[in-house]
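**Student:** File data-v7.txt follows (compact mmCIF, C-alpha atoms):
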```
# COMPACT_ATOMS: atom_id res chain seq x y z
CA MET A 1 16.15 15.15 -6.53
CA ALA A 2 14.40 14.02 -9.71
CA ARG A 3 12.07 16.47 -11.39
CA VAL A 4 8.37 15.65 -10.96
CA ASN A 5 5.73 17.34 -13.09
CA ILE A 6 2.17 17.05 -11.80
CA GLY A 7 -1.15 17.04 -13.63
CA ILE A 8 -4.56 17.16 -11.97
CA VAL A 9 -7.66 15.62 -13.55
CA GLY A 10 -10.71 17.40 -12.16
CA GLY A 11 -11.25 21.10 -11.57
CA GLY A 12 -13.96 20.80 -8.91
CA LEU A 13 -13.62 21.30 -5.17
CA ILE A 14 -11.27 18.41 -4.49
CA GLY A 15 -9.08 19.17 -7.50
CA ARG A 16 -8.75 22.79 -6.35
CA THR A 17 -7.95 21.56 -2.86
CA HIS A 18 -5.03 19.58 -4.23
CA THR A 19 -3.72 22.71 -5.95
CA VAL A 20 -3.86 24.48 -2.60
CA GLY A 21 -1.98 21.53 -1.13
CA TYR A 22 0.63 21.87 -3.86
CA HIS A 23 1.31 25.53 -3.09
CA MET A 24 1.48 24.82 0.64
CA MET A 25 3.84 21.91 -0.02
CA LYS A 26 6.13 24.23 -1.97
CA THR A 27 6.20 26.52 1.08
CA PHE A 28 6.59 24.00 3.88
CA PHE A 29 8.87 21.54 2.06
CA ALA A 30 10.65 24.04 -0.20
CA ALA A 31 14.10 22.45 -0.33
CA GLU A 32 12.83 18.95 -1.13
CA THR A 33 10.30 20.09 -3.74
CA LYS A 34 12.22 22.68 -5.74
CA ASP A 35 12.05 20.38 -8.78
CA VAL A 36 8.33 19.61 -8.38
CA HIS A 37 5.97 21.56 -10.64
CA LEU A 38 2.21 21.63 -11.16
CA ARG A 39 1.98 21.90 -14.94
CA MET A 40 -1.53 21.03 -16.14
CA ILE A 41 -5.16 20.66 -15.10
CA ALA A 42 -7.87 18.80 -17.01
CA GLU A 43 -11.61 19.41 -16.69
CA ARG A 44 -14.31 18.49 -19.20
CA ASP A 45 -15.79 21.98 -18.77
CA ALA A 46 -13.29 24.04 -20.77
CA SER A 47 -14.26 27.32 -19.14
CA LEU A 48 -13.76 25.84 -15.66
CA ALA A 49 -10.42 24.36 -16.68
CA ARG A 50 -9.22 27.69 -18.07
CA GLU A 51 -10.51 29.70 -15.11
CA THR A 52 -8.95 27.33 -12.57
CA ALA A 53 -5.61 27.31 -14.39
CA GLU A 54 -5.51 31.10 -14.55
CA ARG A 55 -6.59 31.63 -10.95
CA LEU A 56 -4.16 29.06 -9.53
CA ALA A 57 -1.23 29.85 -11.85
CA ILE A 58 -1.21 26.45 -13.58
CA PRO A 59 0.65 26.82 -16.91
CA GLU A 60 -1.55 24.52 -19.04
CA TRP A 61 -5.16 23.36 -19.13
CA THR A 62 -7.18 20.98 -21.27
CA ASP A 63 -10.75 19.74 -21.55
CA ASP A 64 -9.50 16.25 -22.49
CA TRP A 65 -8.07 14.22 -19.62
CA ARG A 66 -6.48 11.79 -22.09
CA LYS A 67 -4.22 14.57 -23.30
CA LEU A 68 -3.01 15.11 -19.75
CA VAL A 69 -2.36 11.46 -18.84
CA SER A 70 -0.48 10.85 -22.12
CA SER A 71 1.60 14.03 -22.04
CA ASP A 72 5.37 13.66 -22.00
CA GLN A 73 5.41 16.68 -19.70
CA ILE A 74 3.53 14.89 -16.89
CA ASP A 75 5.05 12.40 -14.44
CA LEU A 76 2.40 12.21 -11.71
CA VAL A 77 -1.38 12.34 -12.18
CA PHE A 78 -3.90 13.23 -9.47
CA VAL A 79 -7.37 11.80 -10.16
CA CYS A 80 -10.02 14.09 -8.61
CA VAL A 81 -13.26 13.21 -10.40
CA PRO A 82 -16.47 11.29 -9.54
CA ASN A 83 -16.01 7.65 -8.64
CA ASP A 84 -17.34 6.13 -11.87
CA MET A 85 -14.45 7.70 -13.79
CA HIS A 86 -11.65 6.40 -11.54
CA ARG A 87 -11.22 3.04 -13.24
CA GLU A 88 -10.92 4.31 -16.82
CA ILE A 89 -8.65 7.23 -15.98
CA ALA A 90 -6.49 5.19 -13.62
CA LEU A 91 -5.96 2.32 -16.06
CA GLU A 92 -5.02 4.67 -18.90
CA THR A 93 -2.71 6.67 -16.65
CA ILE A 94 -0.97 3.48 -15.54
CA ALA A 95 -0.76 2.22 -19.13
CA ASN A 96 1.07 5.43 -19.99
CA GLY A 97 3.62 4.75 -17.25
CA LYS A 98 2.59 7.68 -15.07
CA HIS A 99 2.66 7.63 -11.29
CA ILE A 100 -0.83 8.10 -9.90
CA PHE A 101 -2.67 9.44 -6.87
CA CYS A 102 -6.41 8.81 -6.71
CA GLU A 103 -9.01 10.34 -4.47
CA LYS A 104 -10.98 7.96 -2.29
CA PRO A 105 -12.76 5.65 -2.66
CA LEU A 106 -10.47 4.01 -5.18
CA ALA A 107 -13.47 2.68 -7.13
CA ARG A 108 -17.18 1.91 -6.89
CA THR A 109 -16.64 -1.75 -6.08
CA ALA A 110 -13.91 -4.07 -4.87
CA ALA A 111 -13.76 -5.70 -8.33
CA GLU A 112 -12.95 -2.36 -9.96
CA ALA A 113 -10.48 -1.49 -7.21
CA LYS A 114 -8.65 -4.79 -7.62
CA GLU A 115 -8.28 -4.21 -11.35
CA ILE A 116 -6.74 -0.79 -10.67
CA ALA A 117 -4.45 -1.96 -7.85
CA ASP A 118 -3.23 -5.01 -9.80
CA ALA A 119 -2.48 -2.87 -12.86
CA ALA A 120 -0.51 -0.37 -10.79
CA GLU A 121 1.53 -3.07 -9.08
CA ARG A 122 2.29 -4.86 -12.36
CA SER A 123 3.46 -1.64 -13.98
CA GLY A 124 5.75 -0.57 -11.15
CA VAL A 125 4.37 2.97 -10.98
CA LYS A 126 4.01 4.62 -7.59
CA HIS A 127 0.41 4.85 -6.40
CA GLY A 128 -1.30 6.63 -3.53
CA ILE A 129 -4.83 7.24 -2.33
CA GLY A 130 -6.41 10.26 -0.66
CA PHE A 131 -7.11 9.40 2.94
CA ASN A 132 -5.79 12.79 3.97
CA TYR A 133 -6.93 12.68 7.61
CA ARG A 134 -4.11 10.22 8.31
CA LYS A 135 -1.69 13.09 7.70
CA ALA A 136 -2.86 15.35 10.52
CA PRO A 137 0.01 15.71 13.02
CA ALA A 138 -2.36 14.77 15.84
CA VAL A 139 -3.25 11.50 14.13
CA GLN A 140 0.40 10.72 13.45
CA LEU A 141 1.16 11.39 17.12
CA ILE A 142 -1.60 8.96 18.17
CA LYS A 143 -0.16 6.36 15.80
CA ARG A 144 3.27 6.84 17.40
CA TRP A 145 1.84 6.35 20.90
CA ILE A 146 0.02 3.18 19.85
CA ASP A 147 3.11 1.73 18.13
CA GLU A 148 5.23 2.53 21.21
CA GLY A 149 2.76 0.64 23.41
CA ARG A 150 1.76 3.70 25.40
CA LEU A 151 -1.91 2.66 25.30
CA GLY A 152 -1.16 -1.02 25.82
CA LYS A 153 -3.08 -3.70 23.98
CA ILE A 154 -5.78 -2.04 21.88
CA VAL A 155 -9.23 -3.39 22.65
CA GLY A 156 -11.68 -0.86 21.22
CA PHE A 157 -12.29 1.73 18.52
CA ARG A 158 -15.23 4.05 17.94
CA GLY A 159 -15.42 6.51 15.07
CA SER A 160 -17.94 8.76 13.39
CA PHE A 161 -18.01 11.03 10.35
CA VAL A 162 -21.27 12.92 10.10
CA GLN A 163 -22.53 15.93 8.14
CA ASP A 164 -25.92 17.60 7.70
CA TRP A 165 -25.97 18.92 4.12
CA GLY A 166 -28.09 15.96 2.97
CA LEU A 167 -31.04 17.08 5.11
CA ASP A 168 -32.12 19.54 2.41
CA ALA A 169 -34.48 17.45 0.28
CA THR A 170 -34.51 20.19 -2.39
CA GLY A 171 -30.80 19.67 -3.06
CA ALA A 172 -30.06 18.36 -6.53
CA LEU A 173 -29.71 14.67 -7.32
CA SER A 174 -25.95 14.98 -7.75
CA TRP A 175 -23.67 12.05 -8.52
CA ARG A 176 -23.18 11.43 -4.80
CA PHE A 177 -26.77 10.17 -4.57
CA ARG A 178 -26.51 7.72 -7.49
CA LYS A 179 -25.13 4.22 -7.01
CA GLU A 180 -24.06 3.85 -10.65
CA ILE A 181 -21.67 6.78 -10.17
CA ALA A 182 -20.78 6.80 -6.47
CA GLY A 183 -21.00 3.10 -5.61
CA SER A 184 -22.44 3.90 -2.18
CA GLY A 185 -23.57 6.93 -0.20
CA SER A 186 -22.46 7.98 3.27
CA LEU A 187 -20.64 4.66 3.57
CA GLY A 188 -18.12 5.26 0.78
CA ASP A 189 -18.07 9.04 1.01
CA LEU A 190 -17.60 9.42 4.77
CA GLY A 191 -17.43 5.94 6.29
CA SER A 192 -14.41 5.06 4.15
CA HIS A 193 -12.37 7.65 6.07
CA VAL A 194 -13.37 6.05 9.38
CA LEU A 195 -12.60 2.57 8.07
CA ASP A 196 -9.18 3.71 6.90
CA MET A 197 -8.46 5.40 10.22
CA SER A 198 -9.44 2.28 12.16
CA ARG A 199 -7.14 0.10 10.03
CA PHE A 200 -4.30 2.62 10.30
CA LEU A 201 -4.48 2.81 14.09
CA VAL A 202 -5.84 -0.56 15.24
CA GLY A 203 -5.16 -3.11 12.49
CA GLU A 204 -6.90 -5.19 9.88
CA ILE A 205 -10.64 -5.79 10.09
CA SER A 206 -11.81 -9.39 9.83
CA GLN A 207 -15.61 -9.12 10.14
CA VAL A 208 -18.29 -6.47 9.71
CA ALA A 209 -21.99 -6.08 10.43
CA GLY A 210 -23.70 -3.17 8.73
CA LEU A 211 -27.00 -1.31 8.85
CA LEU A 212 -27.72 1.14 5.98
CA SER A 213 -30.75 3.34 5.42
CA THR A 214 -32.05 5.89 2.92
CA HIS A 215 -34.48 8.43 4.32
CA ILE A 216 -34.74 10.89 1.42
CA THR A 217 -35.61 8.62 -1.48
CA GLU A 218 -36.08 11.24 -4.22
CA ARG A 219 -34.34 14.47 -5.14
CA PRO A 220 -34.70 17.03 -7.94
CA ILE A 221 -32.74 16.10 -11.03
CA GLY A 222 -30.01 18.64 -11.66
CA ALA A 223 -26.30 19.08 -12.18
CA GLY A 224 -25.65 20.50 -8.72
CA GLY A 225 -22.79 19.24 -6.63
CA LEU A 226 -22.35 19.03 -2.88
CA GLY A 227 -25.21 20.95 -1.27
CA HIS A 228 -26.23 22.67 -4.51
CA LYS A 229 -29.86 23.43 -5.32
CA ALA A 230 -31.51 22.15 -8.47
CA GLU A 231 -32.21 24.72 -11.19
CA GLY A 232 -35.55 26.56 -11.13
CA GLY A 233 -38.53 25.80 -13.31
CA ALA A 234 -40.37 22.52 -13.56
CA VAL A 235 -38.93 20.01 -11.12
CA LYS A 236 -38.38 16.44 -12.20
CA MET A 237 -37.56 14.00 -9.43
CA GLY A 238 -35.02 11.21 -9.52
CA LYS A 239 -34.45 8.20 -7.29
CA VAL A 240 -31.80 8.17 -4.58
CA ASP A 241 -30.38 4.65 -4.45
CA VAL A 242 -27.52 5.01 -1.97
CA ASP A 243 -27.47 5.23 1.82
CA ASP A 244 -27.99 8.39 3.87
CA ILE A 245 -26.84 6.77 7.12
CA CYS A 246 -24.70 3.75 7.93
CA ASP A 247 -23.87 2.07 11.24
CA VAL A 248 -21.22 -0.65 11.36
CA LEU A 249 -19.82 -3.07 13.93
CA LEU A 250 -16.18 -4.06 13.44
CA GLN A 251 -14.19 -7.11 14.53
CA PHE A 252 -10.42 -6.71 14.16
CA GLU A 253 -7.99 -9.55 13.51
CA ASN A 254 -6.07 -8.74 16.72
CA GLY A 255 -9.18 -9.21 18.88
CA ALA A 256 -10.15 -5.56 19.22
CA GLN A 257 -13.70 -4.56 18.41
CA GLY A 258 -15.25 -1.32 17.26
CA SER A 259 -18.03 0.62 15.63
CA LEU A 260 -18.55 3.48 13.24
CA VAL A 261 -21.35 5.74 12.07
CA ALA A 262 -21.48 7.85 8.92
CA SER A 263 -24.35 10.15 8.03
CA ARG A 264 -25.35 13.03 5.78
CA LEU A 265 -28.43 13.68 7.93
CA ALA A 266 -26.83 14.68 11.25
CA SER A 267 -28.39 18.04 12.01
CA GLY A 268 -25.90 20.61 13.28
CA LYS A 269 -22.86 18.62 12.15
CA LYS A 270 -20.92 20.22 9.29
CA ASN A 271 -17.79 18.11 8.87
CA HIS A 272 -17.64 16.22 12.13
CA PHE A 273 -15.02 13.44 12.17
CA ASP A 274 -14.00 12.05 15.54
CA PHE A 275 -12.67 8.80 16.95
CA GLU A 276 -11.63 7.12 20.19
CA VAL A 277 -9.10 4.33 20.66
CA TYR A 278 -9.10 2.33 23.89
CA GLY A 279 -6.18 0.28 25.18
CA MET A 280 -5.46 -1.63 28.38
CA LYS A 281 -3.09 1.15 29.53
CA GLY A 282 -4.85 4.22 28.19
CA ALA A 283 -7.05 5.85 25.59
CA VAL A 284 -7.13 8.74 23.13
CA PHE A 285 -9.86 10.92 21.69
CA PHE A 286 -9.53 13.06 18.54
CA ASP A 287 -12.04 15.46 17.01
CA TRP A 288 -11.32 17.03 13.61
CA GLU A 289 -13.22 20.14 14.67
CA ARG A 290 -10.31 20.62 17.10
CA PRO A 291 -7.54 19.29 14.83
CA ASN A 292 -4.60 20.58 16.84
CA GLU A 293 -5.17 18.65 20.02
CA VAL A 294 -5.47 15.10 21.33
CA LEU A 295 -7.14 14.03 24.55
CA LEU A 296 -4.97 11.40 26.27
CA SER A 297 -5.78 9.24 29.29
CA THR A 298 -3.32 6.80 30.88
CA PHE A 299 -4.35 4.14 33.37
CA ASP A 300 -1.33 4.72 35.63
CA THR A 301 -2.23 8.35 36.32
CA PRO A 302 -3.10 8.82 40.04
CA ASN A 303 -6.83 9.02 40.71
CA GLU A 304 -6.63 12.64 41.79
CA ARG A 305 -5.44 13.51 38.27
CA SER A 306 -7.16 10.77 36.28
CA GLY A 307 -9.20 11.46 33.19
CA PHE A 308 -8.29 12.96 29.85
CA THR A 309 -5.47 15.48 29.44
CA ARG A 310 -5.35 17.85 26.46
CA VAL A 311 -2.14 17.62 24.42
CA LEU A 312 -1.52 20.42 21.92
CA THR A 313 0.14 19.19 18.74
CA GLY A 314 2.75 20.87 16.62
CA GLY A 315 6.30 21.91 17.34
CA PHE A 316 9.54 20.08 16.79
CA ASP A 317 8.75 17.11 19.05
CA HIS A 318 5.66 16.11 17.06
CA PRO A 319 5.20 14.63 13.56
CA TYR A 320 5.87 17.11 10.73
CA GLY A 321 6.91 19.68 13.35
CA GLU A 322 10.09 20.68 11.58
CA ALA A 323 8.27 21.36 8.32
CA LEU A 324 4.93 22.81 9.39
CA TRP A 325 4.38 25.36 12.14
CA PRO A 326 7.24 25.39 14.69
CA ILE A 327 5.27 26.01 17.89
CA GLN A 328 2.68 23.78 19.55
CA GLY A 329 -0.80 25.21 19.23
CA MET A 330 -0.10 27.41 16.20
CA GLY A 331 -2.46 25.10 14.40
CA ILE A 332 -3.06 23.34 11.11
CA GLY A 333 -6.13 23.02 8.92
CA PHE A 334 -7.54 20.94 6.08
CA GLY A 335 -5.02 22.23 3.51
CA GLU A 336 -1.94 21.09 5.39
CA THR A 337 -3.06 17.46 5.24
CA PHE A 338 -3.16 17.73 1.45
CA ALA A 339 0.27 19.35 1.41
CA VAL A 340 1.72 16.48 3.45
CA GLN A 341 0.15 13.71 1.39
CA MET A 342 1.35 15.32 -1.86
CA TYR A 343 4.83 15.71 -0.40
CA GLU A 344 4.93 12.07 0.68
CA MET A 345 3.74 10.96 -2.75
CA VAL A 346 6.52 12.96 -4.37
CA LYS A 347 9.07 11.51 -1.94
CA ALA A 348 7.96 7.99 -2.88
CA ILE A 349 8.74 8.80 -6.51
CA GLN A 350 12.05 10.55 -5.87
CA ASN A 351 13.33 7.97 -3.38
CA ASP A 352 11.87 4.90 -5.09
CA GLY A 353 9.74 4.16 -2.05
CA SER A 354 6.10 3.28 -1.47
CA ALA A 355 3.26 5.71 -0.89
CA ASN A 356 1.28 5.21 2.31
CA PRO A 357 -1.64 4.67 1.99
CA ASN A 358 -1.63 3.21 -1.51
CA PHE A 359 -3.95 1.36 -3.87
CA ARG A 360 -3.70 -1.85 -1.84
CA ASP A 361 -5.18 0.09 1.08
CA GLY A 362 -7.80 1.51 -1.25
CA LEU A 363 -8.73 -1.99 -2.38
CA ARG A 364 -9.15 -3.13 1.22
CA ILE A 365 -11.52 -0.23 1.92
CA ASN A 366 -13.59 -1.13 -1.14
CA MET A 367 -13.69 -4.73 0.05
CA LEU A 368 -14.93 -3.56 3.44
CA CYS A 369 -17.59 -1.34 1.86
CA ASP A 370 -18.81 -4.22 -0.30
CA ALA A 371 -18.93 -6.47 2.75
CA ILE A 372 -20.85 -3.88 4.78
CA GLN A 373 -23.42 -3.50 2.00
CA LYS A 374 -23.78 -7.29 1.82
CA SER A 375 -24.23 -7.47 5.57
CA ALA A 376 -26.89 -4.78 5.46
CA GLU A 377 -28.79 -6.79 2.85
CA THR A 378 -28.52 -10.16 4.61
CA ARG A 379 -28.64 -8.90 8.22
CA GLU A 380 -25.66 -11.15 8.97
CA TRP A 381 -22.00 -10.71 9.86
CA VAL A 382 -19.72 -10.88 6.83
CA SER A 383 -16.10 -12.12 7.02
CA LEU A 384 -13.25 -10.81 4.89
CA GLY A 385 -10.49 -12.92 3.51
```
Could I get this structure in the form of structure tokens?

**Tutor:**
Amino acid sequence: MARVNIGIVGGGLIGRTHTVGYHMMKTFFAAETKDVHLRMIAERDASLARETAERLAIPEWTDDWRKLVSSDQIDLVFVCVPNDMHREIALETIANGKHIFCEKPLARTAAEAKEIADAAERSGVKHGIGFNYRKAPAVQLIKRWIDEGRLGKIVGFRGSFVQDWGLDATGALSWRFRKEIAGSGSLGDLGSHVLDMSRFLVGEISQVAGLLSTHITERPIGAGGLGHKAEGGAVKMGKVDVDDICDVLLQFENGAQGSLVASRLASGKKNHFDFEVYGMKGAVFFDWERPNEVLLSTFDTPNERSGFTRVLTGGFDHPYGEALWPIQGMGIGFGETFAVQMYEMVKAIQNDGSANPNFRDGLRINMLCDAIQKSAETREWVSLG
């Protein structure tokens, strides 16, 4: 297998999560990744870059991302920074001939995403995007059942991704609350995962109708990140110009219909991502808070046993069973999904394949987000080409 040296741009939470994924990948997929090495991390805060490199045993660090993406020692770059930086870093990474993996959303707008995706495809580099929930064994099992026709013709999808950390109005006006940086609020941050899951399982979306709202319109100006408080002293307020809550109706090209909700104001919900898929022969329900099980209902089950049956995932008969934990019910968590997506990105490079999902998928999600925002403004359905 070809040697692959990895560099990570961004030493915050998501960048550190990818380093965890790297170390798990090296454990679960040891034979296939013996020539894969995490060599460098870049973070504009030099002290954070140094501390992260030392704590996670990364050989090199820099406070200049351009040094990383131009280094002869780096083959694959992971972009784990706020959304407004994706375009510049991605284009320079691609120009340097590096393979690239970018956290979602790919960009702030569909126009930016198209520029990135087109550049990657012209260059021939491998490109992937971080919709990690696809990689849960339970989700892959559901996908298998759908593709095999076990649920019959798919007619409905319902999904939600809701959290409650945004309820604290004293939390700092971080980049996630600013349109110029994030592009959108709960829609792009959380709803993009639901949109991707619906496309992955059901098919392409042809029309959307969206309703967006912002309930906390000002927050203290500060450098805090997710859920962080603003610094003490005199408090200066800044405007929140992205959505707190979004509700969306979906029309799929194959005739199925669906809905999604994303919110940062759902009291009691910490990281609640669930979805249901309904077919003419059966249905499934998945809840990320119980990531190692799927609820399955089939129409041909006798009435005395009808309803949903719990299926524990894992083991050799299920996706990734031979690499992850060998017994059903042993369980996986958030980190394993990052290990799998990094492994599959590396495989795409070593085997000259395509990453899945990739920048073309990221572009489609940005197109959907733009269409949903337009629909919310016009109060009309919006079609996608």

**Student:** Given the choices A:Gly314, A:Gly159, A:Gly329, A:Gly385, which gets closest to Asp196 (chain A) if the distance is worked out from all atoms listed in the file?

**Tutor:**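 Answer, going by the shortest atom-to-atom distance: A:Gly159.
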
**Student:** Rank nothing, just name the residue among A:Cys102, A:Val277, A:Ile41, A:Ala136 nearest to Cys80 (chain A), using only C-alpha atoms.

**Tutor:**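 Among the listed residues, the smallest separation from Cys80 (chain A) belongs to A:Cys102.
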
**Student:** With a distance cut-off of 10 Å and all atoms listed in the file, select the neighbouring residues of Thr337 (chain A), excluding the residue or stretch itself and same-chain residues fewer than 3 positions from it, and output the selection as a PyMOL selection string.

**Tutor:** chain A and resi 18+21+24-25+130-137+332-334+340-343

**Student:** So, counting all atoms listed in the file, which residue among A:Arg66, A:Arg199, A:His193, A:Arg122 is closest to Lys143 (chain A)?

**Tutor:**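 Among A:Arg66, A:Arg199, A:His193, A:Arg122, it is A:Arg199 that comes nearest to Lys143 (chain A).
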
**Student:** Tell me, as a list in words, which residues lie within 9 Å of Phe157 (chain A), counting all atoms listed in the file; anything in the same chain fewer than 6 positions away does not count.

**Tutor:**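 Listing them by chain and then by number gives Ser198, Val202, Leu250, Ala256, Gln257, Gly258, Ser259, Leu260, Phe275, Glu276, Val277 and Tyr278 of chain A.
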
**Student:** Name the closest residue to Arg364 (chain A) among the candidates A:Lys114, A:Lys26, A:Arg108, A:Arg144; distances are taken between atoms, counting all atoms listed in the file.

**Tutor:**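 Closest to Arg364 (chain A) of all the choices is A:Lys114.
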
**Student:** With distances taken over all atoms listed in the file, which of A:Ala138, A:Asp352, A:Val235, A:Gly185 is nearest to Gly171 (chain A)?

**Tutor:**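 Ranking A:Ala138, A:Asp352, A:Val235, A:Gly185 by distance to Gly171 (chain A), first place goes to A:Val235.
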
**Student:** Which residues, written as a ChimeraX atom specification, have at least one atom at most 9 Å from Gly10 (chain A), with all atoms listed in the file counted and residues fewer than 6 positions away on the same chain left out?

**Tutor:** /A:16,41-44,49,65,78-82

**Student:** Output C-alpha atoms for every residue in the selection just made, as a PDB file, in the frame of the given file.

**Tutor:**
```
ATOM      1  CA  ARG A  16      -8.750  22.790  -6.350  1.00  0.00           C
ATOM      2  CA  ILE A  41      -5.160  20.660 -15.100  1.00  0.00           C
ATOM      3  CA  ALA A  42      -7.870  18.800 -17.010  1.00  0.00           C
ATOM      4  CA  GLU A  43     -11.610  19.410 -16.690  1.00  0.00           C
ATOM      5  CA  ARG A  44     -14.310  18.490 -19.200  1.00  0.00           C
ATOM      6  CA  ALA A  49     -10.420  24.360 -16.680  1.00  0.00           C
ATOM      7  CA  TRP A  65      -8.070  14.220 -19.620  1.00  0.00           C
ATOM      8  CA  PHE A  78      -3.900  13.230  -9.470  1.00  0.00           C
ATOM      9  CA  VAL A  79      -7.370  11.800 -10.160  1.00  0.00           C
ATOM     10  CA  CYS A  80     -10.020  14.090  -8.610  1.00  0.00           C
ATOM     11  CA  VAL A  81     -13.260  13.210 -10.400  1.00  0.00           C
ATOM     12  CA  PRO A  82     -16.470  11.290  -9.540  1.00  0.00           C
TER      13      PRO A  82
END
```

**Student:** In Å, with one decimal, what is the gap from CA of Asp300 (chain A) to CA of Gly149 (chain A)?

**Tutor:**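 Distance between the two atoms: 13.5 Å.
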
**Student:** Name all residues at most 10 Å from Ile89 (chain A) (count only C-alpha atoms; drop same-chain ones fewer than 2 positions away) and give them as a ChimeraX atom specification.

**Tutor:** /A:9,65-66,69,77,79,81,84-87,91-95,100,102,116

**Student:** Go ahead and save the residues from that selection, with C-alpha atoms, as a PDB file, in the coordinates of the input.

**Tutor:**
```pdb
ATOM      1  CA  VAL A   9      -7.660  15.620 -13.550  1.00  0.00           C
ATOM      2  CA  TRP A  65      -8.070  14.220 -19.620  1.00  0.00           C
ATOM      3  CA  ARG A  66      -6.480  11.790 -22.090  1.00  0.00           C
ATOM      4  CA  VAL A  69      -2.360  11.460 -18.840  1.00  0.00           C
ATOM      5  CA  VAL A  77      -1.380  12.340 -12.180  1.00  0.00           C
ATOM      6  CA  VAL A  79      -7.370  11.800 -10.160  1.00  0.00           C
ATOM      7  CA  VAL A  81     -13.260  13.210 -10.400  1.00  0.00           C
ATOM      8  CA  ASP A  84     -17.340   6.130 -11.870  1.00  0.00           C
ATOM      9  CA  MET A  85     -14.450   7.700 -13.790  1.00  0.00           C
ATOM     10  CA  HIS A  86     -11.650   6.400 -11.540  1.00  0.00           C
ATOM     11  CA  ARG A  87     -11.220   3.040 -13.240  1.00  0.00           C
ATOM     12  CA  LEU A  91      -5.960   2.320 -16.060  1.00  0.00           C
ATOM     13  CA  GLU A  92      -5.020   4.670 -18.900  1.00  0.00           C
ATOM     14  CA  THR A  93      -2.710   6.670 -16.650  1.00  0.00           C
ATOM     15  CA  ILE A  94      -0.970   3.480 -15.540  1.00  0.00           C
ATOM     16  CA  ALA A  95      -0.760   2.220 -19.130  1.00  0.00           C
ATOM     17  CA  ILE A 100      -0.830   8.100  -9.900  1.00  0.00           C
ATOM     18  CA  CYS A 102      -6.410   8.810  -6.710  1.00  0.00           C
ATOM     19  CA  ILE A 116      -6.740  -0.790 -10.670  1.00  0.00           C
TER      20      ILE A 116
END
```
